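Take a look at the structure set out below.
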Amino acid sequence: MSGNRLGSTAGDHDLDFITPLVNCTKLKILVLDDNCLKASLVSSSIANLSTQINWISLGINEIHGTIPSGIENLVNLTFLSLESNQLTASPTLIDVILSNNNLTGSIPKELMDISSGVLVFNLSGNALTGSLPLELGNLINVAELDVSHNRLSGSLPNSLGKCVVMEDLRLDGNFFEGEIPESLQSLRGLEYIDLPHNKFSGRIPEYLGELPFLTYLNLSFNQLEGEVLTVGAFGNETIVSVQGNYGLCGVFKSRKNINVSSPELYNNQFWRVSYLDLHKATGGFSESNIIGTGSYGCVYEGVLLEQDRIAIAVKVLNLQQKGASKSFMSECKALRRIRHRNLIKTLSACSSLDFKGNDFKALV
C-alpha cells in the first residue's frame with residue numbers, strides 16, 4: 001500500500017487501523033511507506049502486532065512521537081524502516097537486538113537518530129555492509145554495542161567516543177581498517193573490548209592499557225605493528241590477546257589465549273556484573289525498590305536477569321559522601337574473608353560508570 005496518499009487532514013487517528021491487525025496472527029509484512037500518515041507512533045498498536053511479522057516499512061510519512069516500548073518483542077522482525085518522518089528520541093531505555101538474522105545493506109542512519117534511549121544495540125551475525133555511521137554517537141546511553149560477524153568495513157568513526165557509558169564493544173569478524181581511534185579513550189567504563197579478525201593497523205594505543213575497568217581485550221588477527229605494551233592491562237596475559245598480528249614485536253605476542261571459560265565468574269568465586277546488569281535488576285534503581293538506607297548509600301532489592309532471575313540486594317555507595325570510597329574497599333576486603341551463616345553471601349562487587357559518566361560502586 002505504498003506510494004498512495006493514505007492519511008487524513010487532522011491525522012490523529014491515521015494509525016488506528018493497526019489495532020485490528022493485532023488479531024492477524026500470521027501477518028508477516030506491513031508496507032505503508034510514502035503516504036501522508038500523520039499520527040503518533042507511540043500511541044499506535046504497532047508493538048502488539050504478531051510476533052511472526054518480519055517486515056515493517058513506514059518511511060516517508062509524517063508520523064511523529066517516539067518508538068513505543070515493546071517493539072523489541074517482535075522477535076522475528078528483520079526490517080524496520082521509519083526514515084523521513086518526524087520521530088523523536090525515546091524517553092525510555094530499551095534493548096535493540098536483531099542478531100542472527102539475514103539483515104543486509106548498510107546500518108540505517110535513521111535508527112541512530114531515534115535511539116538515544118538504547119541500552120543494548122546488537123546487530124551481530126548478519127550480512128550488513130558499509131561502514132559504521134557517524135550517527136552512532138547519538139547512542140549516548142548504549143552500554144553494549146555488538147556488530148560482530150558482519151561484513152562491515154572502513155575506519156571506526158570518532159563519534160564512537162561520545163558513547164561515554166559503554167561497557168561492552170564487540171566488532172569481531174568484519175573488515176574494519178585503519179588505526180584504533182584515540183576517541184575511544186573517553187570510554188572510561190569499557191570492560192570488554194573484542195576487535196579480532198579485522199584489518200586494524202598501526203600501533204596499539206597506550207590508553208587501552210590504562211582503562212580502569214578493563215577485564216577483556218582481544219586484538220588478535222589484525223595488522224597491528226610496533227612494540228607490544230607492557231603496562232596496565234597488558235601486564236596480565238589472562239585478559240589480553242594480540243596473536244596473529246605479525247608486525248608486532250615483544251614477548252607478549254606469543255600469548256595466545258584469554259581466560260574466558262567462565263565469563264560470569266570473577267576469580268572463580270564472584271559473579272561479574274556490570275552497571276547495566278544492576279540497572280536492569282533494580283528497575284533503574286527505582287525508589288520503590290529501596291529496602292534500606294545508611295550513611296554511605298542505599299540498598300535496593302532486585303532480580304538479576306542474567307543469572308537465572310536470582311533475587312539480590314544491591315548496596316549502592318553515595319560517592320559524594322566523604323569516606324564512601326574507602327568504606328567500599330574496606331567492606332570488599334572484609335567480606336572476601338568472612339563466611340557466616342547469619343551473613344548474606346556476597347555475590348559480587350561493581351566498580352564502573354553510570355549512564356551519566358559518573359563513578360559508580362556497589363556491592364551485590
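To be explicit about the labels: the chains of the C-alpha cells are called A, B, and onward in the order shown, and within each one the residues are counted from 1, while ligands get numbers from 1 in the order they are shown.
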Quick one: residues within 7 Å of region 151-153 of chain A, only C-alpha atoms, excluding same-chain residues fewer than 5 positions away - as a compact mmCIF listing (two decimals) with N, CA, C and O atoms, in the first residue's frame?
```txt
# COMPACT_ATOMS: atom_id res chain seq x y z
N ALA A 127 24.52 -9.92 7.66
CA ALA A 127 25.36 -9.72 6.48
C ALA A 127 25.39 -8.23 6.13
O ALA A 127 25.36 -7.85 4.95
N LEU A 128 25.47 -7.39 7.14
CA LEU A 128 25.48 -5.94 6.95
C LEU A 128 26.79 -5.49 6.31
O LEU A 128 27.86 -6.04 6.62
N THR A 129 26.71 -4.49 5.45
CA THR A 129 27.88 -3.97 4.75
C THR A 129 28.00 -2.46 4.99
O THR A 129 27.16 -1.85 5.62
N GLY A 130 29.07 -1.87 4.45
CA GLY A 130 29.29 -0.45 4.62
C GLY A 130 30.03 -0.17 5.91
O GLY A 130 30.54 -1.08 6.57
N SER A 131 30.08 1.09 6.30
CA SER A 131 30.83 1.50 7.49
C SER A 131 29.87 1.80 8.64
O SER A 131 28.65 1.89 8.45
N ASN A 174 34.81 -8.65 11.05
CA ASN A 174 34.39 -7.75 10.00
C ASN A 174 35.60 -7.38 9.15
O ASN A 174 36.59 -8.13 9.11
N PHE A 175 35.54 -6.24 8.47
CA PHE A 175 36.66 -5.80 7.64
C PHE A 175 37.07 -4.37 8.02
O PHE A 175 37.50 -3.60 7.17
N PHE A 176 36.89 -4.03 9.29
CA PHE A 176 37.28 -2.70 9.74
C PHE A 176 38.78 -2.50 9.56
O PHE A 176 39.57 -3.44 9.73
N GLU A 177 39.17 -1.27 9.23
CA GLU A 177 40.58 -0.98 8.94
C GLU A 177 40.98 0.36 9.55
O GLU A 177 40.18 1.05 10.16
```
Q | Shell around Gly232 (chain A) at 9 Å using only C-alpha atoms, local window under 2 positions removed, as a count of residues only | A | 10
Q: Find the residues near Leu169 (chain A): any atom within 7 Å, counting only C-alpha atoms, skip ones fewer than 5 places away on the same chain, and give them as a PyMOL selection string.
A: chain A and resi 144-146+192-194
Could the residues in this selection be written to a file with N, CA, C and O atoms, as a compact mmCIF listing (two decimals), in the first residue's frame?
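Full text of selection23.txt as output:
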```
# COMPACT_ATOMS: atom_id res chain seq x y z
N GLU A 144 26.11 -1.66 25.64
CA GLU A 144 26.65 -2.78 24.87
C GLU A 144 26.41 -2.53 23.38
O GLU A 144 25.27 -2.34 22.96
N LEU A 145 27.48 -2.54 22.61
CA LEU A 145 27.41 -2.40 21.15
C LEU A 145 28.04 -3.62 20.51
O LEU A 145 29.23 -3.88 20.71
N ASP A 146 27.25 -4.38 19.77
CA ASP A 146 27.74 -5.62 19.17
C ASP A 146 27.33 -5.66 17.69
O ASP A 146 26.15 -5.82 17.37
N TYR A 192 34.90 -4.73 28.32
CA TYR A 192 35.04 -5.83 27.37
C TYR A 192 35.23 -5.24 25.97
O TYR A 192 34.35 -4.56 25.45
N ILE A 193 36.40 -5.48 25.36
CA ILE A 193 36.70 -4.99 24.02
C ILE A 193 37.10 -6.17 23.15
O ILE A 193 38.11 -6.84 23.42
N ASP A 194 36.34 -6.43 22.09
CA ASP A 194 36.57 -7.58 21.23
C ASP A 194 36.70 -7.11 19.78
O ASP A 194 35.70 -6.82 19.13
```
Q. Do you have the CA of Val364 (chain A)-CA of Lys315 (chain A) distance handy?
A. 6.4 Å
Q | DSSP-assigned strand (DSSP E) members of region 122-251 of chain A, reported as a ChimeraX atom specification | A | /A:122,127-130,144-146,151-154,168-170,175-178,192-194,199-202,216-218,223-227,240-241,247-249
Could the residues in this selection be saved with N, CA, C and O atoms as a short mmCIF file (atom, residue, chain, number, x, y, z; two decimals), in the first residue's frame?
```
data_model
loop_
_atom_site.label_atom_id
_atom_site.label_comp_id
_atom_site.auth_asym_id
_atom_site.auth_seq_id
_atom_site.Cartn_x
_atom_site.Cartn_y
_atom_site.Cartn_z
N ASN A 122 22.46 -4.60 19.34
CA ASN A 122 23.08 -5.84 18.88
C ASN A 122 22.59 -6.19 17.48
O ASN A 122 21.43 -6.55 17.28
N ALA A 127 24.52 -9.92 7.66
CA ALA A 127 25.36 -9.72 6.48
C ALA A 127 25.39 -8.23 6.13
O ALA A 127 25.36 -7.85 4.95
N LEU A 128 25.47 -7.39 7.14
CA LEU A 128 25.48 -5.94 6.95
C LEU A 128 26.79 -5.49 6.31
O LEU A 128 27.86 -6.04 6.62
N THR A 129 26.71 -4.49 5.45
CA THR A 129 27.88 -3.97 4.75
C THR A 129 28.00 -2.46 4.99
O THR A 129 27.16 -1.85 5.62
N GLY A 130 29.07 -1.87 4.45
CA GLY A 130 29.29 -0.45 4.62
C GLY A 130 30.03 -0.17 5.91
O GLY A 130 30.54 -1.08 6.57
N GLU A 144 26.11 -1.66 25.64
CA GLU A 144 26.65 -2.78 24.87
C GLU A 144 26.41 -2.53 23.38
O GLU A 144 25.27 -2.34 22.96
N LEU A 145 27.48 -2.54 22.61
CA LEU A 145 27.41 -2.40 21.15
C LEU A 145 28.04 -3.62 20.51
O LEU A 145 29.23 -3.88 20.71
N ASP A 146 27.25 -4.38 19.77
CA ASP A 146 27.74 -5.62 19.17
C ASP A 146 27.33 -5.66 17.69
O ASP A 146 26.15 -5.82 17.37
N ARG A 151 29.78 -7.87 7.59
CA ARG A 151 30.73 -7.57 6.52
C ARG A 151 31.01 -6.07 6.49
O ARG A 151 31.21 -5.47 5.43
N LEU A 152 31.02 -5.49 7.65
CA LEU A 152 31.24 -4.05 7.78
C LEU A 152 32.69 -3.70 7.52
O LEU A 152 33.59 -4.52 7.77
N SER A 153 32.94 -2.49 7.04
CA SER A 153 34.30 -2.10 6.65
C SER A 153 34.53 -0.63 6.99
O SER A 153 33.69 0.04 7.58
N GLY A 154 35.71 -0.13 6.58
CA GLY A 154 36.04 1.27 6.82
C GLY A 154 36.64 1.47 8.20
O GLY A 154 36.82 0.53 8.98
N ASP A 168 30.73 -2.52 26.87
CA ASP A 168 30.99 -3.73 26.07
C ASP A 168 31.00 -3.35 24.59
O ASP A 168 30.01 -2.87 24.06
N LEU A 169 32.15 -3.56 23.92
CA LEU A 169 32.30 -3.22 22.49
C LEU A 169 32.77 -4.45 21.74
O LEU A 169 33.87 -4.96 21.98
N ARG A 170 31.96 -4.93 20.80
CA ARG A 170 32.27 -6.16 20.05
C ARG A 170 32.18 -5.89 18.55
O ARG A 170 31.10 -5.62 18.02
N PHE A 175 35.54 -6.24 8.47
CA PHE A 175 36.66 -5.80 7.64
C PHE A 175 37.07 -4.37 8.02
O PHE A 175 37.50 -3.60 7.17
N PHE A 176 36.89 -4.03 9.29
CA PHE A 176 37.28 -2.70 9.74
C PHE A 176 38.78 -2.50 9.56
O PHE A 176 39.57 -3.44 9.73
N GLU A 177 39.17 -1.27 9.23
CA GLU A 177 40.58 -0.98 8.94
C GLU A 177 40.98 0.36 9.55
O GLU A 177 40.18 1.05 10.16
N GLY A 178 42.25 0.68 9.36
CA GLY A 178 42.76 1.94 9.91
C GLY A 178 43.18 1.75 11.36
O GLY A 178 43.14 0.65 11.91
N TYR A 192 34.90 -4.73 28.32
CA TYR A 192 35.04 -5.83 27.37
C TYR A 192 35.23 -5.24 25.97
O TYR A 192 34.35 -4.56 25.45
N ILE A 193 36.40 -5.48 25.36
CA ILE A 193 36.70 -4.99 24.02
C ILE A 193 37.10 -6.17 23.15
O ILE A 193 38.11 -6.84 23.42
N ASP A 194 36.34 -6.43 22.09
CA ASP A 194 36.57 -7.58 21.23
C ASP A 194 36.70 -7.11 19.78
O ASP A 194 35.70 -6.82 19.13
N LYS A 199 41.00 -5.67 10.07
CA LYS A 199 42.21 -5.21 9.39
C LYS A 199 42.76 -3.95 10.06
O LYS A 199 43.32 -3.08 9.39
N PHE A 200 42.60 -3.86 11.36
CA PHE A 200 43.13 -2.71 12.08
C PHE A 200 44.65 -2.68 11.96
O PHE A 200 45.32 -3.72 12.04
N SER A 201 45.19 -1.48 11.78
CA SER A 201 46.63 -1.32 11.57
C SER A 201 47.19 -0.26 12.52
O SER A 201 46.46 0.33 13.31
N GLY A 202 48.49 -0.02 12.41
CA GLY A 202 49.13 0.97 13.26
C GLY A 202 49.52 0.38 14.61
O GLY A 202 49.47 -0.84 14.82
N TYR A 216 38.77 -7.67 29.66
CA TYR A 216 38.90 -8.50 28.45
C TYR A 216 39.29 -7.59 27.29
O TYR A 216 38.62 -6.59 27.02
N LEU A 217 40.37 -7.95 26.59
CA LEU A 217 40.82 -7.19 25.42
C LEU A 217 41.38 -8.15 24.39
O LEU A 217 42.40 -8.81 24.62
N ASN A 218 40.72 -8.25 23.25
CA ASN A 218 41.15 -9.16 22.18
C ASN A 218 41.40 -8.35 20.91
O ASN A 218 40.48 -7.81 20.31
N GLN A 223 46.28 -6.25 11.72
CA GLN A 223 47.54 -5.89 11.07
C GLN A 223 48.29 -4.85 11.90
O GLN A 223 48.92 -3.94 11.38
N LEU A 224 48.20 -5.02 13.22
CA LEU A 224 48.86 -4.10 14.14
C LEU A 224 50.37 -4.29 14.10
O LEU A 224 50.86 -5.39 13.79
N GLU A 225 51.11 -3.25 14.45
CA GLU A 225 52.57 -3.31 14.37
C GLU A 225 53.19 -2.51 15.51
O GLU A 225 52.50 -1.78 16.24
N GLY A 226 54.48 -2.67 15.67
CA GLY A 226 55.20 -1.94 16.70
C GLY A 226 55.38 -2.76 17.96
O GLY A 226 55.11 -3.97 18.01
N GLU A 227 55.82 -2.09 19.01
CA GLU A 227 56.11 -2.74 20.29
C GLU A 227 54.81 -3.05 21.03
O GLU A 227 53.89 -2.22 21.09
N VAL A 240 44.34 -10.35 27.93
CA VAL A 240 44.72 -9.69 26.68
C VAL A 240 45.24 -10.70 25.67
O VAL A 240 46.01 -11.60 26.01
N SER A 241 44.80 -10.57 24.42
CA SER A 241 45.32 -11.40 23.34
C SER A 241 45.66 -10.54 22.13
O SER A 241 44.86 -9.70 21.72
N GLY A 247 53.14 -7.97 12.63
CA GLY A 247 54.00 -6.80 12.67
C GLY A 247 54.37 -6.37 14.08
O GLY A 247 55.12 -5.42 14.26
N LEU A 248 53.82 -7.07 15.07
CA LEU A 248 54.12 -6.74 16.46
C LEU A 248 55.43 -7.37 16.90
O LEU A 248 55.81 -8.44 16.42
N CYS A 249 56.09 -6.73 17.84
CA CYS A 249 57.30 -7.30 18.42
C CYS A 249 57.22 -7.18 19.93
O CYS A 249 56.54 -6.31 20.47
#
```
